[in-house]
file entry.txt (compact mmCIF, C-alpha atoms (C1' of nucleotides))
# COMPACT_ATOMS: atom_id res chain seq x y z
CA MET H 1 47.80 -10.53 -24.84
CA ALA H 2 49.10 -12.05 -21.79
CA LEU H 3 48.73 -13.76 -18.50
CA GLY H 4 46.52 -16.75 -18.25
CA LYS H 5 46.75 -16.69 -22.04
CA ASP H 6 43.76 -18.94 -22.37
CA TYR H 7 40.11 -18.05 -22.43
CA ALA H 8 38.98 -21.42 -21.22
CA ALA H 9 35.43 -20.56 -20.41
CA GLN H 10 34.83 -18.80 -23.69
CA ASP H 11 32.78 -20.89 -26.02
CA CYS H 12 33.90 -19.13 -29.15
CA SER H 13 36.22 -19.54 -32.09
CA LEU H 14 37.48 -16.00 -31.63
CA ALA H 15 38.73 -16.97 -28.19
CA ARG H 16 40.42 -20.05 -29.65
CA ALA H 17 42.14 -17.86 -32.24
CA LEU H 18 43.27 -15.38 -29.61
CA GLU H 19 44.82 -18.16 -27.59
CA VAL H 20 47.10 -18.74 -30.57
CA VAL H 21 47.80 -15.25 -31.92
CA GLY H 22 46.44 -13.00 -29.20
CA GLU H 23 49.41 -12.72 -26.88
CA ARG H 24 51.61 -9.68 -26.84
CA TRP H 25 54.06 -9.56 -29.78
CA THR H 26 52.62 -12.62 -31.49
CA LEU H 27 50.76 -10.87 -34.28
CA LEU H 28 53.73 -8.61 -34.97
CA ILE H 29 55.90 -11.69 -35.35
CA VAL H 30 53.40 -13.13 -37.80
CA ARG H 31 53.34 -9.83 -39.68
CA ASP H 32 57.12 -9.90 -40.01
CA ALA H 33 56.91 -13.46 -41.27
CA PHE H 34 54.64 -12.20 -44.08
CA TYR H 35 57.17 -9.47 -44.80
CA GLY H 36 59.84 -12.11 -45.37
CA VAL H 37 61.59 -12.21 -42.01
CA ARG H 38 62.69 -15.74 -41.15
CA ARG H 39 65.64 -15.74 -38.77
CA PHE H 40 65.58 -15.43 -35.01
CA SER H 41 68.09 -12.58 -35.07
CA ASP H 42 66.10 -10.69 -37.69
CA PHE H 43 62.88 -10.81 -35.69
CA LEU H 44 64.96 -9.70 -32.74
CA ALA H 45 66.45 -6.75 -34.55
CA HIS H 46 63.16 -5.57 -36.03
CA LEU H 47 60.81 -6.01 -33.09
CA ASP H 48 62.12 -4.67 -29.82
CA VAL H 49 61.13 -7.80 -28.01
CA PRO H 50 63.08 -9.57 -25.27
CA ARG H 51 64.94 -12.63 -26.57
CA ALA H 52 63.20 -14.89 -24.07
CA VAL H 53 59.76 -13.76 -25.18
CA LEU H 54 60.62 -14.11 -28.86
CA SER H 55 61.87 -17.61 -28.21
CA ALA H 56 58.70 -18.55 -26.36
CA ARG H 57 56.40 -17.05 -29.02
CA LEU H 58 58.18 -18.70 -31.94
CA GLN H 59 58.00 -22.03 -30.16
CA SER H 60 54.30 -21.71 -29.44
CA LEU H 61 53.57 -20.59 -33.01
CA VAL H 62 55.40 -23.66 -34.31
CA GLU H 63 53.55 -25.82 -31.82
CA SER H 64 50.18 -24.50 -32.93
CA GLY H 65 51.05 -24.91 -36.60
CA VAL H 66 51.21 -21.28 -37.69
CA LEU H 67 54.95 -21.39 -38.34
CA ALA H 68 57.20 -24.28 -39.29
CA LYS H 69 60.88 -24.52 -38.50
CA ASP H 70 63.10 -25.21 -41.48
CA GLY H 71 66.70 -25.32 -40.25
CA HIS H 72 67.14 -21.96 -38.62
CA ASP H 73 64.30 -20.40 -40.58
CA TYR H 74 60.78 -19.89 -39.34
CA VAL H 75 58.34 -19.96 -42.24
CA LEU H 76 54.58 -19.60 -42.42
CA THR H 77 52.55 -22.77 -42.90
CA ASP H 78 49.39 -22.79 -45.03
CA MET H 79 47.44 -22.24 -41.85
CA GLY H 80 49.68 -19.31 -41.04
CA LYS H 81 49.31 -17.81 -44.49
CA GLU H 82 45.57 -17.73 -44.02
CA LEU H 83 46.14 -15.17 -41.31
CA TRP H 84 46.95 -12.57 -43.94
CA PRO H 85 43.40 -11.22 -44.13
CA VAL H 86 43.47 -10.76 -40.37
CA VAL H 87 46.81 -8.95 -40.36
CA HIS H 88 45.85 -6.83 -43.35
CA THR H 89 42.40 -5.87 -42.11
CA LEU H 90 43.68 -4.88 -38.70
CA ALA H 91 46.57 -2.91 -40.16
CA ARG H 92 44.21 -1.02 -42.46
CA TRP H 93 41.91 -0.25 -39.57
CA GLY H 94 44.84 1.15 -37.62
CA GLU H 95 45.97 3.12 -40.61
CA GLU H 96 42.58 4.70 -41.16
CA HIS H 97 41.78 5.52 -37.57
CA LEU H 98 45.07 5.85 -35.74
CA SER H 99 47.84 6.82 -38.12
CA ALA H 100 48.42 10.04 -39.92
CA GLU H 101 49.94 8.37 -42.93
CA PRO H 102 50.49 4.76 -43.94
CA CYS H 103 54.04 3.61 -43.39
CA ARG H 104 53.68 0.61 -45.64
CA LEU H 105 51.65 0.15 -48.80
CA PHE H 106 50.40 -3.12 -50.24
CA VAL H 107 50.27 -3.17 -53.99
CA HIS H 108 49.01 -5.65 -56.56
CA ALA H 109 52.18 -6.82 -58.34
CA GLY H 110 50.27 -7.39 -61.58
CA CYS H 111 48.82 -3.94 -62.12
CA GLY H 112 50.26 -1.64 -59.49
CA GLY H 113 46.87 -0.90 -57.90
CA ARG H 114 46.68 -0.62 -54.17
CA VAL H 115 45.13 -3.47 -52.22
CA GLY H 116 41.89 -2.27 -50.61
CA THR H 117 40.58 -2.92 -47.13
CA ASP H 118 38.65 -5.90 -48.42
CA GLY H 119 41.81 -7.48 -49.85
CA ALA H 120 40.89 -6.81 -53.44
CA CYS H 121 42.87 -4.69 -55.88
CA ALA H 122 41.44 -1.22 -56.30
CA ALA H 123 42.24 -1.26 -60.01
CA CYS H 124 41.50 -4.87 -61.01
CA ASP H 125 38.59 -5.35 -58.62
CA ARG H 126 39.70 -8.95 -58.06
CA ARG H 127 40.93 -10.77 -54.97
CA ILE H 128 44.66 -11.09 -55.06
CA PRO H 129 46.64 -14.17 -54.12
CA LEU H 130 49.11 -13.59 -51.32
CA GLU H 131 52.11 -14.07 -53.57
CA ASP H 132 51.06 -11.24 -55.85
CA VAL H 133 51.05 -8.63 -53.12
CA GLU H 134 54.03 -6.32 -53.06
CA ILE H 135 55.09 -4.35 -50.02
CA HIS H 136 56.36 -0.78 -50.46
CA ALA H 137 57.49 1.81 -47.94
CA GLY H 138 54.77 4.42 -47.39
CA PRO H 139 55.00 8.15 -46.73
CA GLY H 140 54.55 7.73 -42.98
CA ALA H 141 57.65 5.58 -42.49
CA ARG H 142 59.70 6.96 -39.66
CA HIS H 143 62.83 5.16 -40.70
CA ARG H 144 64.09 2.88 -38.04
CA ASP H 145 67.60 2.10 -39.04
CA ASP H 146 68.22 -1.46 -38.03
CA PRO H 147 69.38 -3.64 -40.95
CA VAL H 148 66.06 -5.47 -41.14
CA SER H 149 64.02 -2.27 -41.41
CA ARG H 150 66.29 -1.15 -44.20
CA LEU H 151 65.78 -4.41 -46.06
CA LEU H 152 62.02 -4.18 -45.57
CA ARG H 153 61.95 -0.74 -47.10
CA THR H 154 63.01 -2.07 -50.49
CA PRO H 155 59.91 -3.22 -52.38
CA HIS H 156 59.40 -6.97 -52.53
CA ARG H 157 56.63 -9.54 -52.52
CA LEU H 158 55.06 -10.95 -49.41
CA LEU H 159 56.68 -14.18 -48.16
CA GLU H 160 59.77 -13.54 -50.27
CA PRO H 161 62.71 -13.93 -47.88
CA ILE H 162 64.55 -10.69 -47.13
CA ARG H 163 67.83 -12.60 -47.13
CA PRO H 164 69.34 -14.66 -49.96
CA MET Q 165 48.15 -8.31 -24.90
CA ALA Q 166 49.77 -6.91 -21.92
CA LEU Q 167 52.61 -5.31 -20.15
CA GLY Q 168 54.21 -2.31 -21.67
CA LYS Q 169 51.08 -2.39 -23.83
CA ASP Q 170 52.64 -0.09 -26.37
CA TYR Q 171 54.86 -0.98 -29.29
CA ALA Q 172 56.52 2.38 -29.35
CA ALA Q 173 59.38 1.52 -31.61
CA GLN Q 174 57.16 -0.13 -34.18
CA ASP Q 175 56.67 2.04 -37.17
CA CYS Q 176 53.52 0.34 -38.29
CA SER Q 177 49.78 0.80 -38.29
CA LEU Q 178 49.30 -2.77 -37.13
CA ALA Q 179 51.23 -1.90 -33.97
CA ARG Q 180 49.04 1.18 -33.48
CA ALA Q 181 45.95 -0.97 -33.82
CA LEU Q 182 47.25 -3.52 -31.35
CA GLU Q 183 47.89 -0.80 -28.81
CA VAL Q 184 44.14 -0.18 -28.89
CA VAL Q 185 42.62 -3.64 -29.25
CA GLY Q 186 45.58 -5.93 -28.66
CA GLU Q 187 45.51 -6.31 -24.91
CA ARG Q 188 44.13 -9.35 -23.22
CA TRP Q 189 40.30 -9.44 -23.17
CA THR Q 190 39.90 -6.32 -25.29
CA LEU Q 191 38.87 -7.99 -28.53
CA LEU Q 192 36.45 -10.27 -26.69
CA ILE Q 193 34.85 -7.20 -25.17
CA VAL Q 194 34.50 -5.68 -28.63
CA ARG Q 195 33.04 -8.94 -29.91
CA ASP Q 196 30.43 -8.90 -27.17
CA ALA Q 197 29.61 -5.32 -28.05
CA PHE Q 198 28.82 -6.48 -31.60
CA TYR Q 199 26.65 -9.22 -30.13
CA GLY Q 200 24.57 -6.60 -28.36
CA VAL Q 201 26.08 -6.59 -24.88
CA ARG Q 202 26.12 -3.10 -23.41
CA ARG Q 203 26.12 -3.19 -19.60
CA PHE Q 204 29.08 -3.61 -17.30
CA SER Q 205 27.45 -6.48 -15.46
CA ASP Q 206 26.60 -8.28 -18.68
CA PHE Q 207 30.18 -8.14 -19.96
CA LEU Q 208 31.19 -9.35 -16.52
CA ALA Q 209 28.79 -12.28 -16.55
CA HIS Q 210 29.68 -13.40 -20.05
CA LEU Q 211 33.45 -12.99 -20.05
CA ASP Q 212 35.17 -14.43 -17.00
CA VAL Q 213 37.26 -11.33 -16.55
CA PRO Q 214 38.19 -9.65 -13.26
CA ARG Q 215 36.06 -6.59 -12.61
CA ALA Q 216 39.09 -4.35 -12.34
CA VAL Q 217 40.38 -5.44 -15.74
CA LEU Q 218 36.99 -5.01 -17.37
CA SER Q 219 36.74 -1.53 -15.92
CA ALA Q 220 40.18 -0.60 -17.22
CA ARG Q 221 39.53 -2.02 -20.69
CA LEU Q 222 36.17 -0.32 -21.09
CA GLN Q 223 37.70 2.97 -20.03
CA SER Q 224 40.57 2.67 -22.47
CA LEU Q 225 38.22 1.66 -25.29
CA VAL Q 226 36.11 4.74 -24.61
CA GLU Q 227 39.24 6.84 -24.45
CA SER Q 228 40.46 5.59 -27.80
CA GLY Q 229 37.06 6.09 -29.41
CA VAL Q 230 36.05 2.49 -30.04
CA LEU Q 231 33.22 2.59 -27.54
CA ALA Q 232 31.11 5.48 -26.31
CA LYS Q 233 29.43 5.65 -22.95
CA ASP Q 234 25.73 6.39 -23.05
CA GLY Q 235 24.43 6.45 -19.50
CA HIS Q 236 25.40 3.06 -18.20
CA ASP Q 237 25.62 1.56 -21.66
CA TYR Q 238 28.77 1.04 -23.66
CA VAL Q 239 28.03 1.20 -27.37
CA LEU Q 240 30.25 0.88 -30.43
CA THR Q 241 31.16 4.08 -32.23
CA ASP Q 242 31.48 4.19 -36.01
CA MET Q 243 35.18 3.59 -35.57
CA GLY Q 244 34.39 0.61 -33.38
CA LYS Q 245 31.89 -0.78 -35.87
CA GLU Q 246 34.61 -0.85 -38.49
CA LEU Q 247 36.33 -3.48 -36.42
CA TRP Q 248 33.73 -6.01 -37.50
CA PRO Q 249 35.78 -7.33 -40.41
CA VAL Q 250 38.68 -7.89 -38.02
CA VAL Q 251 36.57 -9.73 -35.46
CA HIS Q 252 34.80 -11.75 -38.12
CA THR Q 253 37.93 -12.71 -40.06
CA LEU Q 254 39.78 -13.79 -36.95
CA ALA Q 255 36.81 -15.77 -35.67
CA ARG Q 256 36.47 -17.57 -38.99
CA TRP Q 257 40.16 -18.39 -38.99
CA GLY Q 258 39.83 -19.87 -35.53
CA GLU Q 259 36.76 -21.77 -36.56
CA GLU Q 260 38.42 -23.31 -39.59
CA HIS Q 261 41.71 -24.19 -37.98
CA LEU Q 262 41.10 -24.62 -34.29
CA SER Q 263 37.49 -25.56 -33.63
CA ALA Q 264 35.67 -28.75 -34.34
CA GLU Q 265 32.39 -27.01 -35.03
CA PRO Q 266 31.31 -23.40 -35.14
CA CYS Q 267 29.54 -22.30 -31.99
CA ARG Q 268 28.04 -19.24 -33.63
CA LEU Q 269 26.83 -18.69 -37.17
CA PHE Q 270 26.52 -15.36 -38.97
CA VAL Q 271 23.69 -15.23 -41.39
CA HIS Q 272 22.47 -12.68 -43.92
CA ALA Q 273 19.17 -11.49 -42.53
CA GLY Q 274 17.84 -10.81 -46.03
CA CYS Q 275 18.24 -14.23 -47.60
CA GLY Q 276 19.37 -16.61 -44.88
CA GLY Q 277 22.72 -17.37 -46.55
CA ARG Q 278 25.76 -17.74 -44.36
CA VAL Q 279 28.29 -14.91 -44.30
CA GLY Q 280 31.55 -16.12 -45.85
CA THR Q 281 35.10 -15.54 -44.70
CA ASP Q 282 35.33 -12.50 -46.94
CA GLY Q 283 32.26 -10.95 -45.32
CA ALA Q 284 30.00 -11.51 -48.30
CA CYS Q 285 26.85 -13.58 -48.31
CA ALA Q 286 27.35 -17.04 -49.78
CA ALA Q 287 23.97 -16.88 -51.46
CA CYS Q 288 23.72 -13.26 -52.59
CA ASP Q 289 27.39 -12.80 -53.37
CA ARG Q 290 27.18 -9.25 -52.06
CA ARG Q 291 28.85 -7.51 -49.13
CA ILE Q 292 26.47 -7.22 -46.26
CA PRO Q 293 26.02 -4.19 -44.05
CA LEU Q 294 26.64 -4.87 -40.37
CA GLU Q 295 23.02 -4.35 -39.44
CA ASP Q 296 21.85 -7.12 -41.76
CA VAL Q 297 23.97 -9.79 -40.13
CA GLU Q 298 22.12 -12.14 -37.81
CA ILE Q 299 23.82 -14.20 -35.16
CA HIS Q 300 22.63 -17.75 -34.49
CA ALA Q 301 23.87 -20.42 -32.12
CA GLY Q 302 25.95 -23.02 -33.95
CA PRO Q 303 26.25 -26.76 -33.42
CA GLY Q 304 29.49 -26.42 -31.42
CA ALA Q 305 27.98 -24.32 -28.65
CA ARG Q 306 28.88 -25.79 -25.30
CA HIS Q 307 26.12 -24.02 -23.47
CA ARG Q 308 27.45 -21.79 -20.80
CA ASP Q 309 24.50 -21.02 -18.66
CA ASP Q 310 24.93 -17.48 -17.46
CA PRO Q 311 21.95 -15.26 -18.34
CA VAL Q 312 23.90 -13.40 -21.02
CA SER Q 313 24.93 -16.57 -22.85
CA ARG Q 314 21.32 -17.63 -22.84
CA LEU Q 315 20.20 -14.32 -24.32
CA LEU Q 316 22.95 -14.53 -26.94
CA ARG Q 317 21.74 -17.94 -28.05
CA THR Q 318 18.46 -16.53 -29.29
CA PRO Q 319 18.91 -15.30 -32.87
CA HIS Q 320 19.16 -11.54 -33.29
CA ARG Q 321 20.95 -8.94 -35.36
CA LEU Q 322 24.37 -7.60 -34.62
CA LEU Q 323 24.37 -4.42 -32.51
CA GLU Q 324 20.81 -5.04 -31.41
CA PRO Q 325 20.81 -4.75 -27.62
CA ILE Q 326 20.21 -8.00 -25.80
CA ARG Q 327 18.19 -6.14 -23.19
CA PRO Q 328 15.05 -4.04 -23.73
C1' DC R 329 12.49 7.82 7.08
C1' DA R 330 15.21 3.43 7.77
C1' DC R 331 16.49 -0.54 5.32
C1' DG R 332 17.73 -3.72 1.89
C1' DT R 333 19.25 -4.66 -2.72
C1' DG R 334 21.62 -4.47 -6.95
C1' DA R 335 24.41 -2.07 -10.35
C1' DG R 336 28.77 -0.12 -11.23
C1' DG R 337 32.64 0.39 -9.94
C1' DT R 338 37.56 0.93 -6.78
C1' DT R 339 41.12 -0.98 -3.56
C1' DC R 340 44.43 -4.12 -2.33
C1' DG R 341 47.42 -8.25 -1.57
C1' DT R 342 48.92 -12.18 -4.35
C1' DT R 343 50.42 -14.47 -8.47
C1' DC R 344 52.51 -14.88 -12.65
C1' DA R 345 54.18 -13.22 -17.17
C1' DA R 346 57.25 -9.61 -19.44
C1' DT R 347 61.59 -7.47 -19.31
C1' DG R 348 66.56 -7.07 -19.92
C1' DA R 349 71.05 -8.41 -18.84
C1' DA R 350 74.06 -12.13 -18.34
C1' DC R 351 75.31 -16.58 -19.52
C1' DC R 352 75.93 -20.85 -22.51
C1' DG R 353 76.86 -24.11 -26.42
C1' DG R 354 77.64 -25.02 -31.39
C1' DC R 355 79.94 -23.95 -35.45
C1' DG R 356 82.45 -21.60 -39.05
C1' DG R 357 86.42 -19.13 -40.19
C1' DG R 358 91.39 -17.66 -39.72
C1' DC X 359 93.29 -23.57 -31.49
C1' DC X 360 91.02 -19.35 -30.71
C1' DC X 361 87.53 -15.82 -31.86
C1' DG X 362 83.08 -14.23 -32.72
C1' DC X 363 78.48 -14.80 -34.08
C1' DC X 364 73.99 -17.16 -34.02
C1' DG X 365 70.44 -19.07 -31.43
C1' DG X 366 69.07 -19.67 -27.70
C1' DT X 367 68.43 -20.33 -21.87
C1' DT X 368 68.71 -18.51 -17.01
C1' DC X 369 67.66 -15.38 -13.59
C1' DA X 370 66.40 -11.31 -10.79
C1' DT X 371 63.22 -7.53 -11.21
C1' DT X 372 59.05 -5.13 -12.67
C1' DG X 373 54.43 -4.62 -13.42
C1' DA X 374 50.03 -6.40 -15.13
C1' DA X 375 46.27 -9.78 -14.19
C1' DC X 376 43.66 -11.97 -10.74
C1' DG X 377 40.06 -12.35 -7.19
C1' DA X 378 38.05 -11.08 -3.02
C1' DA X 379 36.51 -7.40 -0.34
C1' DC X 380 34.92 -2.97 -0.05
C1' DC X 381 32.55 1.40 -1.42
C1' DT X 382 28.80 4.41 -3.34
C1' DC X 383 24.86 5.79 -5.42
C1' DA X 384 19.89 4.83 -7.03
C1' DC X 385 15.89 2.70 -6.37
C1' DG X 386 12.19 0.21 -4.05
C1' DT X 387 10.07 -1.22 -0.27
C1' DG X 388 7.87 -1.38 5.03
call {"tool": "encode", "arguments": {"input": "entry.txt", "output": "structure tokens"}}
result
Amino acid sequence: MALGKDYAAQDCSLARALEVVGERWTLLIVRDAFYGVRRFSDFLAHLDVPRAVLSARLQSLVESGVLAKDGHDYVLTDMGKELWPVVHTLARWGEEHLSAEPCRLFVHAGCGGRVGTDGACAACDRRIPLEDVEIHAGPGARHRDDPVSRLLRTPHRLLEPIRP
Amino acid sequence: MALGKDYAAQDCSLARALEVVGERWTLLIVRDAFYGVRRFSDFLAHLDVPRAVLSARLQSLVESGVLAKDGHDYVLTDMGKELWPVVHTLARWGEEHLSAEPCRLFVHAGCGGRVGTDGACAACDRRIPLEDVEIHAGPGARHRDDPVSRLLRTPHRLLEPIRP
DNA sequence: CACGTGAGGTTCGTTCAATGAACCGGCGGG
DNA sequence: CCCGCCGGTTCATTGAACGAACCTCACGTG
């Protein structure tokens, strides 16, 4: 979201959360961080976001403890990693109600079953730790052709850096 | 979020979802709808949002099929109701990482157990249908004193209208 | 009927964030 | 020493959010 960016009068933890991840672009940045994006230039290439805005968002995410800066890499903190259910649930909602076909699939690395809307593996019927989720390109992918999109299309685990 | 409001280049269902519920105030409006708020003036009293923005958001939520207009009431559609996991997960994340104390509690109407982060009842260990979730005021409530906040502080089920 | 009142908006000028292009500094080769 | 890239910052412009004022219809009186 934007402008005013705070919901001061709102007496609610949802409002607090939105102050941190509710601004425009922020949740897409977090999503990319789960996908293994870490460098400023990679976020920039993958999201079509103005450099100034990206800079501001990364800073505020670091400040609020969602990301940590490690050299030139931005990596998710434990607090940030706990946003996965949020990102996943919202993405699945969008997929079911707004998209024709999924453009990315999340798969349990152990058994190959797809991760359900509740975050559990369809096959194993167990909750899956973040590190055991693999990301695959889905049928609906419209094939952006920046270098980062190409790297993201090759299957890999969440959080695993897309660069060596 | 705001400005540009679309993420056109993003080939992703999360981006699609954010185009619908990602703008500033939108998710708080949806939250209030779950809490039983239905009238324009009640949203207005409870959120401190400019009338013009509220009007625009409600219209766009109706247009995208999250809300439906029934007379002067705005009510969640089935598609809208499926946003509950998103709202709940994000609120719990905010509560755990950003709030001192929860200001609202979600309770399984059947057994009185608290609804966990995964949406299941802590006591019953079963997923709970939306209609069986009760909302109670939590210890962290800072007591806004508009009429709507006062109505919301009395325990009731999700979706149950706060007005007769 | 005239009149007031409240709900549900719309209009409009101001403010402030998003945008995008240009600029800047560090550093790692060649 | 020079070149180019990475990771930003600066700045003018655009457009959304804000807030106050206004409008309109429905209803309830006197």
call {"tool": "atom_distance", "arguments": {"input": "entry.txt", "atom1": "CA of Trp25 in chain H", "atom2": "CA of Ala264 in chain Q"}}
result
27.0 Å
call {"tool": "atom_distance", "arguments": {"input": "entry.txt", "atom1": "CA of Leu159 in chain H", "atom2": "CA of Asp32 in chain H"}}
result
9.2 Å
call {"tool": "closest_residue", "arguments": {"input": "entry.txt", "among": "Q:Asp175, Q:Glu298, Q:Ala220, Q:Pro293", "to": "Glu187 in chain Q", "atoms": "all atoms listed in the file"}}
result
Q:Ala220
call {"tool": "atom_distance", "arguments": {"input": "entry.txt", "atom1": "CA of Pro155 in chain H", "atom2": "CA of Leu105 in chain H"}}
result
9.6 Å
call {"tool": "interface_residues", "arguments": {"input": "entry.txt", "of": "chain X", "to": "chain Q", "cutoff": "10 Å", "atoms": "only C-alpha atoms (C1' of nucleotides)", "output": "NGL selection string"}}
result
:X and (372-377)
call {"tool": "interface_residues", "arguments": {"input": "entry.txt", "of": "chain Q", "to": "chain H", "cutoff": "6 Å", "atoms": "all atoms listed in the file", "output": "short mmCIF file (atom, residue, chain, number, x, y, z; two decimals) with C-alpha atoms, in the frame of the given file"}}
result
data_model
loop_
_atom_site.label_atom_id
_atom_site.label_comp_id
_atom_site.auth_asym_id
_atom_site.auth_seq_id
_atom_site.Cartn_x
_atom_site.Cartn_y
_atom_site.Cartn_z
CA MET Q 165 48.15 -8.31 -24.90
CA ALA Q 166 49.77 -6.91 -21.92
CA SER Q 177 49.78 0.80 -38.29
CA LEU Q 178 49.30 -2.77 -37.13
CA ARG Q 180 49.04 1.18 -33.48
CA ALA Q 181 45.95 -0.97 -33.82
CA GLU Q 187 45.51 -6.31 -24.91
CA ARG Q 188 44.13 -9.35 -23.22
CA VAL Q 250 38.68 -7.89 -38.02
CA THR Q 253 37.93 -12.71 -40.06
CA LEU Q 254 39.78 -13.79 -36.95
CA ALA Q 255 36.81 -15.77 -35.67
CA GLY Q 258 39.83 -19.87 -35.53
CA GLU Q 259 36.76 -21.77 -36.56
#
call {"tool": "interface_residues", "arguments": {"input": "entry.txt", "of": "chain R", "to": "chain H", "cutoff": "9 Å", "atoms": "only C-alpha atoms (C1' of nucleotides)", "output": "NGL selection string"}}
result
:R and (344-348)
call {"tool": "closest_residue", "arguments": {"input": "entry.txt", "among": "X:DC361, X:DA384, X:DA378, X:DC369", "to": "DA335 in chain R", "atoms": "only C-alpha atoms (C1' of nucleotides)"}}
result
X:DA384
call {"tool": "residues_around", "arguments": {"input": "entry.txt", "residues": "range 314-318 of chain Q", "least_positions_apart": "4", "cutoff": "7 Å", "atoms": "all atoms listed in the file", "output": "JSON, numbers by chain"}}
result
{"Q": [300, 301, 309, 310, 326]}
call {"tool": "residues_near_point", "arguments": {"input": "entry.txt", "point": "(77.3, -14.2, -34.6)", "cutoff": "12 Å", "atoms": "all atoms listed in the file", "output": "list in words"}}
result
Phe40 and Ser41 of chain H; DG354, DC355, DG356 and DG357 of chain R; DC361, DG362, DC363, DC364 and DG365 of chain X
call {"tool": "residues_around", "arguments": {"input": "entry.txt", "residues": "DC383 in chain X", "least_positions_apart": "3", "cutoff": "12 Å", "atoms": "all atoms listed in the file", "output": "PyMOL selection string"}}
result
chain R and resi 334-337
call {"tool": "residues_around", "arguments": {"input": "entry.txt", "residues": "DC331 in chain R", "least_positions_apart": "5", "cutoff": "12 Å", "atoms": "all atoms listed in the file", "output": "ChimeraX atom specification"}}
result
/X:386-388
call {"tool": "write_last_selection", "arguments": {"input": "entry.txt", "atoms": "C-alpha atoms (C1' of nucleotides)", "output": "CSV table (one decimal), in the coordinates of the input"}}
result
chain,number,residue,atom,x,y,z
X,386,DG,C1',12.2,0.2,-4.0
X,387,DT,C1',10.1,-1.2,-0.3
X,388,DG,C1',7.9,-1.4,5.0
